[in-house]
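Next comes structure39.txt, a file with compact mmCIF, N, CA and C atoms and all ligand atoms.
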```
# COMPACT_ATOMS: atom_id res chain seq x y z
N MET P 1252 140.33 -23.20 -61.80
CA MET P 1252 139.21 -22.52 -61.14
C MET P 1252 138.50 -23.53 -60.23
N MET P 1253 138.43 -23.24 -58.94
CA MET P 1253 137.78 -24.14 -57.98
C MET P 1253 136.82 -23.29 -57.15
N ALA P 1254 135.61 -23.16 -57.61
CA ALA P 1254 134.68 -22.25 -56.94
C ALA P 1254 133.89 -22.95 -55.84
N ARG P 1255 133.68 -22.27 -54.73
CA ARG P 1255 132.84 -22.78 -53.65
C ARG P 1255 131.53 -21.98 -53.58
N LEU P 1256 131.63 -20.67 -53.79
CA LEU P 1256 130.45 -19.81 -53.64
C LEU P 1256 129.72 -19.59 -54.96
N ALA P 1257 130.19 -20.25 -55.99
CA ALA P 1257 129.52 -20.18 -57.29
C ALA P 1257 129.65 -21.56 -57.91
N LYS P 1258 128.75 -21.85 -58.84
CA LYS P 1258 128.83 -23.15 -59.52
C LYS P 1258 129.63 -22.96 -60.81
N GLU P 1259 130.57 -23.85 -61.03
CA GLU P 1259 131.36 -23.76 -62.27
C GLU P 1259 130.60 -24.42 -63.41
N ILE P 1260 130.69 -23.82 -64.57
CA ILE P 1260 130.11 -24.42 -65.77
C ILE P 1260 131.22 -24.50 -66.82
N LYS P 1261 131.44 -25.68 -67.33
CA LYS P 1261 132.44 -25.87 -68.39
C LYS P 1261 131.69 -26.13 -69.69
N PHE P 1262 131.88 -25.29 -70.67
CA PHE P 1262 131.22 -25.47 -71.96
C PHE P 1262 132.07 -26.35 -72.86
N GLN P 1263 131.38 -27.09 -73.68
CA GLN P 1263 132.10 -27.91 -74.67
C GLN P 1263 132.70 -26.97 -75.71
N GLU P 1264 133.95 -27.22 -76.07
CA GLU P 1264 134.60 -26.40 -77.11
C GLU P 1264 134.46 -27.14 -78.44
N LEU P 1265 133.66 -26.55 -79.32
CA LEU P 1265 133.38 -27.20 -80.60
C LEU P 1265 134.35 -26.68 -81.66
N GLY P 1266 135.60 -26.72 -81.33
CA GLY P 1266 136.59 -26.15 -82.25
C GLY P 1266 136.99 -27.11 -83.34
N ASP P 1267 137.50 -26.55 -84.39
CA ASP P 1267 138.15 -27.35 -85.42
C ASP P 1267 139.28 -26.51 -85.98
N GLU P 1268 139.81 -26.87 -87.12
CA GLU P 1268 140.99 -26.17 -87.63
C GLU P 1268 140.68 -24.70 -87.95
N ARG P 1269 139.38 -24.33 -87.97
CA ARG P 1269 139.01 -22.93 -88.28
C ARG P 1269 138.99 -22.05 -87.03
N GLY P 1270 139.03 -22.69 -85.85
CA GLY P 1270 138.97 -21.90 -84.60
C GLY P 1270 138.00 -22.53 -83.63
N HIS P 1271 137.64 -21.75 -82.59
CA HIS P 1271 136.82 -22.28 -81.50
C HIS P 1271 135.38 -21.80 -81.60
N LEU P 1272 134.48 -22.60 -81.04
CA LEU P 1272 133.07 -22.21 -80.97
C LEU P 1272 132.49 -22.78 -79.67
N VAL P 1273 131.90 -21.90 -78.89
CA VAL P 1273 131.29 -22.33 -77.62
C VAL P 1273 129.82 -21.94 -77.66
N VAL P 1274 128.95 -22.84 -77.25
CA VAL P 1274 127.50 -22.61 -77.27
C VAL P 1274 126.98 -22.48 -75.85
N MET P 1275 126.11 -21.51 -75.62
CA MET P 1275 125.43 -21.39 -74.33
C MET P 1275 123.94 -21.40 -74.61
N GLU P 1276 123.25 -22.41 -74.11
CA GLU P 1276 121.82 -22.54 -74.38
C GLU P 1276 121.03 -22.50 -73.09
N GLY P 1277 119.99 -21.67 -73.07
CA GLY P 1277 119.12 -21.57 -71.91
C GLY P 1277 118.48 -22.91 -71.61
N LYS P 1278 118.47 -23.26 -70.34
CA LYS P 1278 117.88 -24.52 -69.85
C LYS P 1278 118.59 -25.76 -70.39
N VAL P 1279 119.74 -25.56 -71.03
CA VAL P 1279 120.56 -26.70 -71.43
C VAL P 1279 121.88 -26.58 -70.68
N SER P 1280 122.83 -25.80 -71.19
CA SER P 1280 124.06 -25.60 -70.42
C SER P 1280 123.91 -24.47 -69.41
N ILE P 1281 122.94 -23.58 -69.65
CA ILE P 1281 122.65 -22.50 -68.69
C ILE P 1281 121.39 -22.92 -67.94
N PRO P 1282 121.46 -22.99 -66.59
CA PRO P 1282 120.34 -23.62 -65.86
C PRO P 1282 119.11 -22.73 -65.66
N PHE P 1283 118.88 -21.80 -66.57
CA PHE P 1283 117.66 -20.99 -66.53
C PHE P 1283 117.39 -20.48 -67.93
N GLU P 1284 116.20 -19.94 -68.10
CA GLU P 1284 115.87 -19.31 -69.37
C GLU P 1284 116.60 -17.96 -69.41
N ILE P 1285 117.33 -17.68 -70.46
CA ILE P 1285 118.12 -16.44 -70.51
C ILE P 1285 117.19 -15.29 -70.92
N LYS P 1286 117.02 -14.33 -70.01
CA LYS P 1286 116.12 -13.22 -70.33
C LYS P 1286 116.88 -11.97 -70.75
N ARG P 1287 118.18 -11.95 -70.45
CA ARG P 1287 118.95 -10.72 -70.73
C ARG P 1287 120.41 -11.09 -70.89
N ILE P 1288 121.07 -10.41 -71.82
CA ILE P 1288 122.51 -10.60 -72.02
C ILE P 1288 123.14 -9.21 -72.03
N TYR P 1289 124.22 -9.06 -71.30
CA TYR P 1289 124.99 -7.82 -71.42
C TYR P 1289 126.46 -8.18 -71.30
N TYR P 1290 127.30 -7.27 -71.71
CA TYR P 1290 128.73 -7.53 -71.57
C TYR P 1290 129.45 -6.27 -71.16
N ILE P 1291 130.51 -6.47 -70.44
CA ILE P 1291 131.29 -5.37 -69.86
C ILE P 1291 132.67 -5.41 -70.51
N TYR P 1292 133.10 -4.30 -71.04
CA TYR P 1292 134.44 -4.25 -71.65
C TYR P 1292 134.99 -2.84 -71.47
N GLY P 1293 136.28 -2.68 -71.68
CA GLY P 1293 136.90 -1.36 -71.58
C GLY P 1293 137.03 -0.88 -70.15
N THR P 1294 136.97 -1.79 -69.17
CA THR P 1294 137.18 -1.40 -67.77
C THR P 1294 138.68 -1.38 -67.51
N GLN P 1295 139.17 -0.28 -67.01
CA GLN P 1295 140.61 -0.15 -66.76
C GLN P 1295 141.02 -1.02 -65.56
N PRO P 1296 142.25 -1.52 -65.55
CA PRO P 1296 142.70 -2.45 -64.50
C PRO P 1296 142.55 -1.90 -63.08
N GLU P 1297 142.65 -0.60 -62.89
CA GLU P 1297 142.56 -0.04 -61.54
C GLU P 1297 141.11 0.21 -61.11
N VAL P 1298 140.18 -0.03 -62.01
CA VAL P 1298 138.77 0.24 -61.72
C VAL P 1298 138.08 -1.05 -61.22
N SER P 1299 137.27 -0.90 -60.16
CA SER P 1299 136.49 -2.04 -59.65
C SER P 1299 135.01 -1.78 -59.89
N ARG P 1300 134.24 -2.85 -60.05
CA ARG P 1300 132.81 -2.71 -60.34
C ARG P 1300 132.02 -3.64 -59.42
N GLY P 1301 130.72 -3.59 -59.56
CA GLY P 1301 129.86 -4.49 -58.79
C GLY P 1301 129.50 -3.85 -57.46
N PHE P 1302 129.91 -4.46 -56.36
CA PHE P 1302 129.61 -3.98 -55.00
C PHE P 1302 128.10 -4.03 -54.74
N HIS P 1303 127.51 -5.17 -55.03
CA HIS P 1303 126.10 -5.38 -54.76
C HIS P 1303 125.80 -6.88 -54.76
N ALA P 1304 124.59 -7.20 -54.34
CA ALA P 1304 124.05 -8.56 -54.47
C ALA P 1304 122.69 -8.42 -55.14
N HIS P 1305 122.08 -9.54 -55.49
CA HIS P 1305 120.75 -9.51 -56.10
C HIS P 1305 119.79 -10.34 -55.26
N ARG P 1306 118.54 -9.88 -55.22
CA ARG P 1306 117.52 -10.61 -54.45
C ARG P 1306 117.05 -11.87 -55.20
N ASN P 1307 116.72 -11.72 -56.47
CA ASN P 1307 116.15 -12.85 -57.24
C ASN P 1307 116.95 -13.25 -58.46
N LEU P 1308 117.86 -12.41 -58.87
CA LEU P 1308 118.57 -12.63 -60.14
C LEU P 1308 119.67 -13.67 -60.00
N LYS P 1309 119.70 -14.59 -60.97
CA LYS P 1309 120.83 -15.51 -61.10
C LYS P 1309 121.56 -15.13 -62.38
N GLN P 1310 122.88 -15.29 -62.36
CA GLN P 1310 123.64 -14.89 -63.54
C GLN P 1310 124.77 -15.87 -63.81
N VAL P 1311 125.05 -16.05 -65.09
CA VAL P 1311 126.23 -16.80 -65.52
C VAL P 1311 127.20 -15.80 -66.10
N LEU P 1312 128.43 -15.85 -65.63
CA LEU P 1312 129.47 -14.90 -66.06
C LEU P 1312 130.64 -15.64 -66.67
N VAL P 1313 131.11 -15.15 -67.80
CA VAL P 1313 132.26 -15.76 -68.44
C VAL P 1313 133.12 -14.67 -69.09
N ALA P 1314 134.40 -14.72 -68.85
CA ALA P 1314 135.32 -13.77 -69.51
C ALA P 1314 135.60 -14.36 -70.89
N ILE P 1315 134.91 -13.84 -71.90
CA ILE P 1315 135.10 -14.41 -73.24
C ILE P 1315 136.38 -13.87 -73.88
N LYS P 1316 136.96 -12.85 -73.26
CA LYS P 1316 138.29 -12.39 -73.66
C LYS P 1316 138.96 -11.78 -72.43
N GLY P 1317 140.26 -11.98 -72.29
CA GLY P 1317 140.97 -11.40 -71.15
C GLY P 1317 140.57 -12.06 -69.84
N SER P 1318 140.72 -11.30 -68.76
CA SER P 1318 140.47 -11.88 -67.43
C SER P 1318 140.02 -10.80 -66.45
N CYS P 1319 139.38 -11.26 -65.38
CA CYS P 1319 139.07 -10.38 -64.25
C CYS P 1319 138.87 -11.26 -63.03
N LYS P 1320 138.88 -10.62 -61.87
CA LYS P 1320 138.68 -11.37 -60.63
C LYS P 1320 137.32 -11.05 -60.03
N MET P 1321 136.60 -12.11 -59.64
CA MET P 1321 135.30 -11.97 -58.99
C MET P 1321 135.48 -12.24 -57.50
N HIS P 1322 135.18 -11.24 -56.69
CA HIS P 1322 135.16 -11.43 -55.24
C HIS P 1322 133.71 -11.74 -54.87
N LEU P 1323 133.50 -12.89 -54.25
CA LEU P 1323 132.15 -13.29 -53.88
C LEU P 1323 132.05 -13.47 -52.37
N GLU P 1324 130.87 -13.18 -51.85
CA GLU P 1324 130.59 -13.40 -50.43
C GLU P 1324 129.16 -13.88 -50.29
N ASN P 1325 128.93 -14.83 -49.36
CA ASN P 1325 127.55 -15.29 -49.12
C ASN P 1325 127.09 -14.95 -47.70
N GLY P 1326 127.83 -14.11 -47.02
CA GLY P 1326 127.46 -13.74 -45.66
C GLY P 1326 128.26 -14.51 -44.62
N LYS P 1327 128.80 -15.66 -45.03
CA LYS P 1327 129.62 -16.47 -44.12
C LYS P 1327 131.03 -16.59 -44.66
N GLU P 1328 131.13 -16.80 -45.95
CA GLU P 1328 132.44 -17.04 -46.58
C GLU P 1328 132.71 -16.04 -47.67
N LYS P 1329 134.02 -15.88 -47.95
CA LYS P 1329 134.46 -15.03 -49.05
C LYS P 1329 135.31 -15.86 -49.99
N GLU P 1330 135.32 -15.47 -51.23
CA GLU P 1330 136.12 -16.21 -52.20
C GLU P 1330 136.49 -15.31 -53.37
N VAL P 1331 137.67 -15.53 -53.93
CA VAL P 1331 138.07 -14.81 -55.15
C VAL P 1331 138.22 -15.84 -56.27
N ILE P 1332 137.52 -15.61 -57.35
CA ILE P 1332 137.60 -16.52 -58.50
C ILE P 1332 138.12 -15.72 -59.68
N GLU P 1333 139.16 -16.23 -60.31
CA GLU P 1333 139.67 -15.53 -61.49
C GLU P 1333 139.05 -16.14 -62.74
N LEU P 1334 138.43 -15.30 -63.52
CA LEU P 1334 137.85 -15.76 -64.78
C LEU P 1334 138.87 -15.50 -65.88
N THR P 1335 139.31 -16.56 -66.52
CA THR P 1335 140.40 -16.42 -67.50
C THR P 1335 140.13 -17.22 -68.79
N ASP P 1336 139.07 -18.04 -68.78
CA ASP P 1336 138.91 -19.04 -69.83
C ASP P 1336 137.54 -18.87 -70.49
N PRO P 1337 137.50 -18.63 -71.80
CA PRO P 1337 136.21 -18.40 -72.47
C PRO P 1337 135.32 -19.64 -72.54
N SER P 1338 135.82 -20.79 -72.08
CA SER P 1338 134.98 -21.99 -72.07
C SER P 1338 134.53 -22.35 -70.65
N LYS P 1339 134.86 -21.46 -69.67
CA LYS P 1339 134.46 -21.74 -68.28
C LYS P 1339 133.72 -20.55 -67.70
N ALA P 1340 132.56 -20.84 -67.13
CA ALA P 1340 131.74 -19.77 -66.54
C ALA P 1340 131.48 -20.07 -65.08
N ILE P 1341 130.95 -19.06 -64.39
CA ILE P 1341 130.43 -19.31 -63.04
C ILE P 1341 128.97 -18.89 -63.00
N LEU P 1342 128.21 -19.66 -62.23
CA LEU P 1342 126.81 -19.34 -61.97
C LEU P 1342 126.75 -18.71 -60.59
N ILE P 1343 126.30 -17.46 -60.54
CA ILE P 1343 126.19 -16.76 -59.25
C ILE P 1343 124.72 -16.77 -58.83
N ASP P 1344 124.49 -17.28 -57.65
CA ASP P 1344 123.13 -17.43 -57.13
C ASP P 1344 122.64 -16.11 -56.52
N THR P 1345 121.41 -16.12 -56.07
CA THR P 1345 120.85 -14.96 -55.39
C THR P 1345 121.62 -14.72 -54.08
N LEU P 1346 121.47 -13.53 -53.55
CA LEU P 1346 122.08 -13.15 -52.26
C LEU P 1346 123.57 -13.47 -52.18
N THR P 1347 124.28 -13.18 -53.25
CA THR P 1347 125.73 -13.32 -53.26
C THR P 1347 126.33 -11.95 -53.58
N TRP P 1348 127.10 -11.43 -52.64
CA TRP P 1348 127.77 -10.14 -52.87
C TRP P 1348 128.87 -10.33 -53.90
N ARG P 1349 128.96 -9.45 -54.88
CA ARG P 1349 130.02 -9.55 -55.89
C ARG P 1349 130.72 -8.23 -56.11
N GLU P 1350 132.02 -8.37 -56.27
CA GLU P 1350 132.85 -7.23 -56.69
C GLU P 1350 133.74 -7.75 -57.80
N MET P 1351 133.99 -6.91 -58.79
CA MET P 1351 134.88 -7.30 -59.88
C MET P 1351 136.11 -6.40 -59.84
N HIS P 1352 137.26 -7.03 -59.85
CA HIS P 1352 138.53 -6.30 -59.75
C HIS P 1352 139.51 -6.79 -60.83
N ASP P 1353 140.58 -6.04 -60.98
CA ASP P 1353 141.74 -6.47 -61.79
C ASP P 1353 141.35 -6.90 -63.20
N PHE P 1354 140.56 -6.08 -63.85
CA PHE P 1354 140.23 -6.37 -65.25
C PHE P 1354 141.49 -6.22 -66.10
N SER P 1355 141.71 -7.18 -67.00
CA SER P 1355 142.75 -6.96 -67.99
C SER P 1355 142.21 -5.94 -69.00
N GLU P 1356 143.12 -5.23 -69.64
CA GLU P 1356 142.71 -4.16 -70.58
C GLU P 1356 141.76 -4.70 -71.65
N ASP P 1357 141.97 -5.97 -72.03
CA ASP P 1357 141.19 -6.54 -73.13
C ASP P 1357 139.99 -7.34 -72.65
N CYS P 1358 139.69 -7.25 -71.36
CA CYS P 1358 138.63 -8.14 -70.82
C CYS P 1358 137.24 -7.82 -71.41
N VAL P 1359 136.57 -8.87 -71.83
CA VAL P 1359 135.15 -8.77 -72.19
C VAL P 1359 134.43 -9.78 -71.30
N LEU P 1360 133.62 -9.26 -70.38
CA LEU P 1360 132.91 -10.12 -69.43
C LEU P 1360 131.46 -10.25 -69.89
N LEU P 1361 131.11 -11.47 -70.30
CA LEU P 1361 129.75 -11.73 -70.79
C LEU P 1361 128.88 -12.20 -69.63
N CYS P 1362 127.69 -11.61 -69.52
CA CYS P 1362 126.78 -11.94 -68.41
C CYS P 1362 125.43 -12.36 -68.97
N LEU P 1363 124.98 -13.54 -68.57
CA LEU P 1363 123.68 -14.07 -68.97
C LEU P 1363 122.79 -14.02 -67.74
N ALA P 1364 121.64 -13.37 -67.86
CA ALA P 1364 120.83 -13.11 -66.67
C ALA P 1364 119.49 -13.83 -66.75
N SER P 1365 119.01 -14.26 -65.59
CA SER P 1365 117.74 -15.01 -65.51
C SER P 1365 116.53 -14.08 -65.52
N GLU P 1366 116.78 -12.78 -65.34
CA GLU P 1366 115.66 -11.82 -65.26
C GLU P 1366 115.97 -10.56 -66.06
N HIS P 1367 114.93 -9.83 -66.39
CA HIS P 1367 115.12 -8.53 -67.02
C HIS P 1367 115.73 -7.56 -66.01
N TYR P 1368 116.23 -6.45 -66.49
CA TYR P 1368 116.86 -5.47 -65.60
C TYR P 1368 115.82 -4.87 -64.65
N ASP P 1369 116.17 -4.84 -63.38
CA ASP P 1369 115.26 -4.31 -62.37
C ASP P 1369 116.11 -3.75 -61.23
N GLU P 1370 116.18 -2.44 -61.18
CA GLU P 1370 117.06 -1.80 -60.16
C GLU P 1370 116.63 -2.20 -58.74
N SER P 1371 115.32 -2.49 -58.54
CA SER P 1371 114.87 -2.82 -57.18
C SER P 1371 115.35 -4.21 -56.74
N ASP P 1372 115.91 -4.99 -57.68
CA ASP P 1372 116.45 -6.31 -57.33
C ASP P 1372 117.87 -6.20 -56.73
N TYR P 1373 118.48 -5.01 -56.89
CA TYR P 1373 119.86 -4.82 -56.41
C TYR P 1373 119.88 -4.54 -54.92
N ILE P 1374 120.81 -5.16 -54.22
CA ILE P 1374 121.09 -4.79 -52.82
C ILE P 1374 122.44 -4.11 -52.87
N ARG P 1375 122.44 -2.81 -52.79
CA ARG P 1375 123.70 -2.07 -52.96
C ARG P 1375 124.33 -1.70 -51.62
N SER P 1376 123.59 -1.92 -50.54
CA SER P 1376 124.13 -1.64 -49.20
C SER P 1376 124.72 -2.93 -48.63
N TYR P 1377 126.01 -2.86 -48.27
CA TYR P 1377 126.66 -4.06 -47.72
C TYR P 1377 126.02 -4.45 -46.39
N GLU P 1378 125.59 -3.44 -45.64
CA GLU P 1378 124.94 -3.70 -44.35
C GLU P 1378 123.63 -4.46 -44.55
N GLU P 1379 122.84 -4.02 -45.52
CA GLU P 1379 121.57 -4.71 -45.80
C GLU P 1379 121.84 -6.13 -46.28
N PHE P 1380 122.84 -6.28 -47.14
CA PHE P 1380 123.20 -7.62 -47.62
C PHE P 1380 123.56 -8.53 -46.45
N SER P 1381 124.40 -8.03 -45.54
CA SER P 1381 124.85 -8.85 -44.40
C SER P 1381 123.65 -9.30 -43.56
N LYS P 1382 122.70 -8.40 -43.38
CA LYS P 1382 121.51 -8.75 -42.59
C LYS P 1382 120.70 -9.83 -43.31
N LEU P 1383 120.43 -9.63 -44.60
CA LEU P 1383 119.62 -10.59 -45.36
C LEU P 1383 120.31 -11.95 -45.46
N ALA P 1384 121.64 -11.92 -45.63
CA ALA P 1384 122.39 -13.17 -45.83
C ALA P 1384 122.47 -13.98 -44.54
N SER P 1385 122.30 -13.33 -43.39
CA SER P 1385 122.40 -14.07 -42.14
C SER P 1385 121.03 -14.56 -41.64
N LEU P 1386 119.97 -14.30 -42.41
CA LEU P 1386 118.62 -14.75 -42.00
C LEU P 1386 118.48 -16.26 -42.14
C1 LIG N 1401 126.19 -7.65 -61.94
C2 LIG N 1401 127.56 -7.39 -62.43
C3 LIG N 1401 128.32 -8.65 -62.74
C4 LIG N 1401 121.02 -1.18 -67.30
O1 LIG N 1401 120.37 -0.17 -67.62
N1 LIG N 1401 120.60 -2.42 -67.68
C5 LIG N 1401 121.27 -3.54 -67.35
O2 LIG N 1401 120.84 -4.65 -67.73
C6 LIG N 1401 122.49 -3.43 -66.59
C7 LIG N 1401 123.27 -4.67 -66.20
C8 LIG N 1401 122.91 -2.19 -66.22
N2 LIG N 1401 122.18 -1.09 -66.57
C9 LIG N 1401 122.69 0.25 -66.20
C10 LIG N 1401 122.71 0.55 -64.72
C11 LIG N 1401 123.89 1.48 -64.58
O3 LIG N 1401 123.47 2.80 -64.85
O4 LIG N 1401 124.04 0.31 -66.63
C12 LIG N 1401 124.84 1.04 -65.71
C13 LIG N 1401 126.00 0.22 -65.21
O5 LIG N 1401 125.51 -0.87 -64.38
P1 LIG N 1401 126.18 -1.27 -62.98
O6 LIG N 1401 126.76 -0.09 -62.33
O7 LIG N 1401 125.16 -2.05 -62.21
O8 LIG N 1401 127.36 -2.23 -63.49
P2 LIG N 1401 128.27 -3.25 -62.65
O9 LIG N 1401 129.37 -3.64 -63.55
O10 LIG N 1401 128.63 -2.69 -61.32
O11 LIG N 1401 127.31 -4.53 -62.38
C14 LIG N 1401 126.85 -5.31 -63.46
C15 LIG N 1401 125.38 -5.69 -63.28
O12 LIG N 1401 124.60 -4.51 -63.09
C16 LIG N 1401 125.17 -6.60 -62.09
O13 LIG N 1401 123.86 -7.16 -62.14
O14 LIG N 1401 125.95 -8.64 -61.29
O15 LIG N 1401 127.62 -6.51 -63.56
```
Rewritten as structure tokens:
Amino acid sequence: MMARLAKEIKFQELGDERGHLVVMEGKVSIPFEIKRIYYIYGTQPEVSRGFHAHRNLKQVLVAIKGSCKMHLENGKEKEVIELTDPSKAILIDTLTWREMHDFSEDCVLLCLASEHYDESDYIRSYEEFSKLASL
């Protein structure tokens, strides 16, 4: 994973002979206070999600099971990042367009959010995103 439009975060794997354990701590390995956690699962491989950007929200995303592809855009560049490793996350900044594609049947995508849910923070129009991103 070599991300340009997102910051990569590699978590320490605290595994032993009993299995693996990964810790995510707000303001330690996660660069903000975690205000909300949600996870996405059961998305069929032919289904795509996302298609928006956020005004103020920052998020850390990690496929804790299975895989999916994140299409990111910042108004100038585009990038596809495949999330495949439960010990590697990406930090998506504000004003980054995201689409999620090619979910594996078993994918569980964990999302740690810097803010509570607020529909007015979503930019769901690609045209509006392009205008804001080019300011
Ligand atoms: C994002 C990507 C990675 C809530 O009521 N509360 C919540 O915290 C969230 C995240 C969603 N919802 C409702 C809103 C919709 O009625 O759950 C429904 C599905 O959400 P949405 O269509 O926004 O799901 P995705 O997968 O397109 O996007 C989600 C996040 O919303 C978004 O912030 O960056 O995952």
* **Which of P:Gly1326, P:Pro1282, P:Gly1270, P:Pro1296 sits closest to P:Phe1380 [using only N, CA and C atoms]** =>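 The shortest atom-to-atom distance to P:Phe1380 comes from P:Gly1326.
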* List every protein, DNA or RNA residue that has an atom no more than 12 Å from (134.6, -20.4, -47.2) in the file's coordinate frame, counting only C-alpha atoms, and report them as number ranges by chain. => P: 1253-1257, 1323-1331
* Could you tell me, counting only N, CA and C atoms and all ligand atoms, which protein and nucleic acid residues lie no more than 6.5 Å from ligand LIG 1401 (chain N), written as number ranges by chain? => P: 1289, 1300-1302, 1367-1369
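With only C-alpha atoms as the atoms that count, the residue of P:Lys1382, P:Lys1316, P:His1352, P:Lys1339 with the shortest distance to P:Ile1281 is P:Lys1339.
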* Between P:Ala1314, P:Cys1358, P:Arg1349, P:Leu1363, which is the closest to P:Lys1278 once you count only C-alpha atoms? ->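 Closest to P:Lys1278, using only C-alpha atoms: P:Leu1363.
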* Give me, please, the distance in Å between atom CA of P:Gly1293 and atom CA of P:His1322, quoted to one decimal. => 19.3 Å
* To do: Using only N, CA and C atoms, pick whichever of P:Asp1344, P:Glu1333, P:Glu1297, P:Asp1372 has the shortest atom-to-atom distance to P:Val1311.
  => P:Asp1344
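Residues with any atom within 7 Å of P:Tyr1292, counting all atoms listed in the file and excluding same-chain neighbours fewer than 4 positions away, are Asp1357, Cys1358, Val1359 and Leu1360 of chain P.
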Would you mind putting back N, CA, C and O atoms on stretch 1347-1359 of chain P, then writing it out as a CSV table (one decimal), in the frame of the given file?
```csv
chain,number,residue,atom,x,y,z
P,1347,THR,N,124.3,-13.2,-53.2
P,1347,THR,CA,125.7,-13.3,-53.3
P,1347,THR,C,126.3,-12.0,-53.6
P,1347,THR,O,126.1,-11.4,-54.7
P,1348,TRP,N,127.1,-11.4,-52.6
P,1348,TRP,CA,127.8,-10.1,-52.9
P,1348,TRP,C,128.9,-10.3,-53.9
P,1348,TRP,O,129.6,-11.3,-53.8
P,1349,ARG,N,129.0,-9.4,-54.9
P,1349,ARG,CA,130.0,-9.6,-55.9
P,1349,ARG,C,130.7,-8.2,-56.1
P,1349,ARG,O,130.1,-7.2,-56.1
P,1350,GLU,N,132.0,-8.4,-56.3
P,1350,GLU,CA,132.8,-7.2,-56.7
P,1350,GLU,C,133.7,-7.8,-57.8
P,1350,GLU,O,134.2,-8.9,-57.8
P,1351,MET,N,134.0,-6.9,-58.8
P,1351,MET,CA,134.9,-7.3,-59.9
P,1351,MET,C,136.1,-6.4,-59.8
P,1351,MET,O,136.0,-5.2,-59.8
P,1352,HIS,N,137.3,-7.0,-59.8
P,1352,HIS,CA,138.5,-6.3,-59.8
P,1352,HIS,C,139.5,-6.8,-60.8
P,1352,HIS,O,139.3,-7.9,-61.4
P,1353,ASP,N,140.6,-6.0,-61.0
P,1353,ASP,CA,141.7,-6.5,-61.8
P,1353,ASP,C,141.4,-6.9,-63.2
P,1353,ASP,O,141.8,-8.0,-63.7
P,1354,PHE,N,140.6,-6.1,-63.8
P,1354,PHE,CA,140.2,-6.4,-65.2
P,1354,PHE,C,141.5,-6.2,-66.1
P,1354,PHE,O,142.2,-5.3,-65.9
P,1355,SER,N,141.7,-7.2,-67.0
P,1355,SER,CA,142.8,-7.0,-68.0
P,1355,SER,C,142.2,-5.9,-69.0
P,1355,SER,O,141.0,-5.8,-69.2
P,1356,GLU,N,143.1,-5.2,-69.6
P,1356,GLU,CA,142.7,-4.2,-70.6
P,1356,GLU,C,141.8,-4.7,-71.6
P,1356,GLU,O,140.9,-4.0,-72.1
P,1357,ASP,N,142.0,-6.0,-72.0
P,1357,ASP,CA,141.2,-6.5,-73.1
P,1357,ASP,C,140.0,-7.3,-72.6
P,1357,ASP,O,139.3,-8.0,-73.5
P,1358,CYS,N,139.7,-7.2,-71.4
P,1358,CYS,CA,138.6,-8.1,-70.8
P,1358,CYS,C,137.2,-7.8,-71.4
P,1358,CYS,O,136.8,-6.7,-71.4
P,1359,VAL,N,136.6,-8.9,-71.8
P,1359,VAL,CA,135.2,-8.8,-72.2
P,1359,VAL,C,134.4,-9.8,-71.3
P,1359,VAL,O,134.6,-11.0,-71.4
```
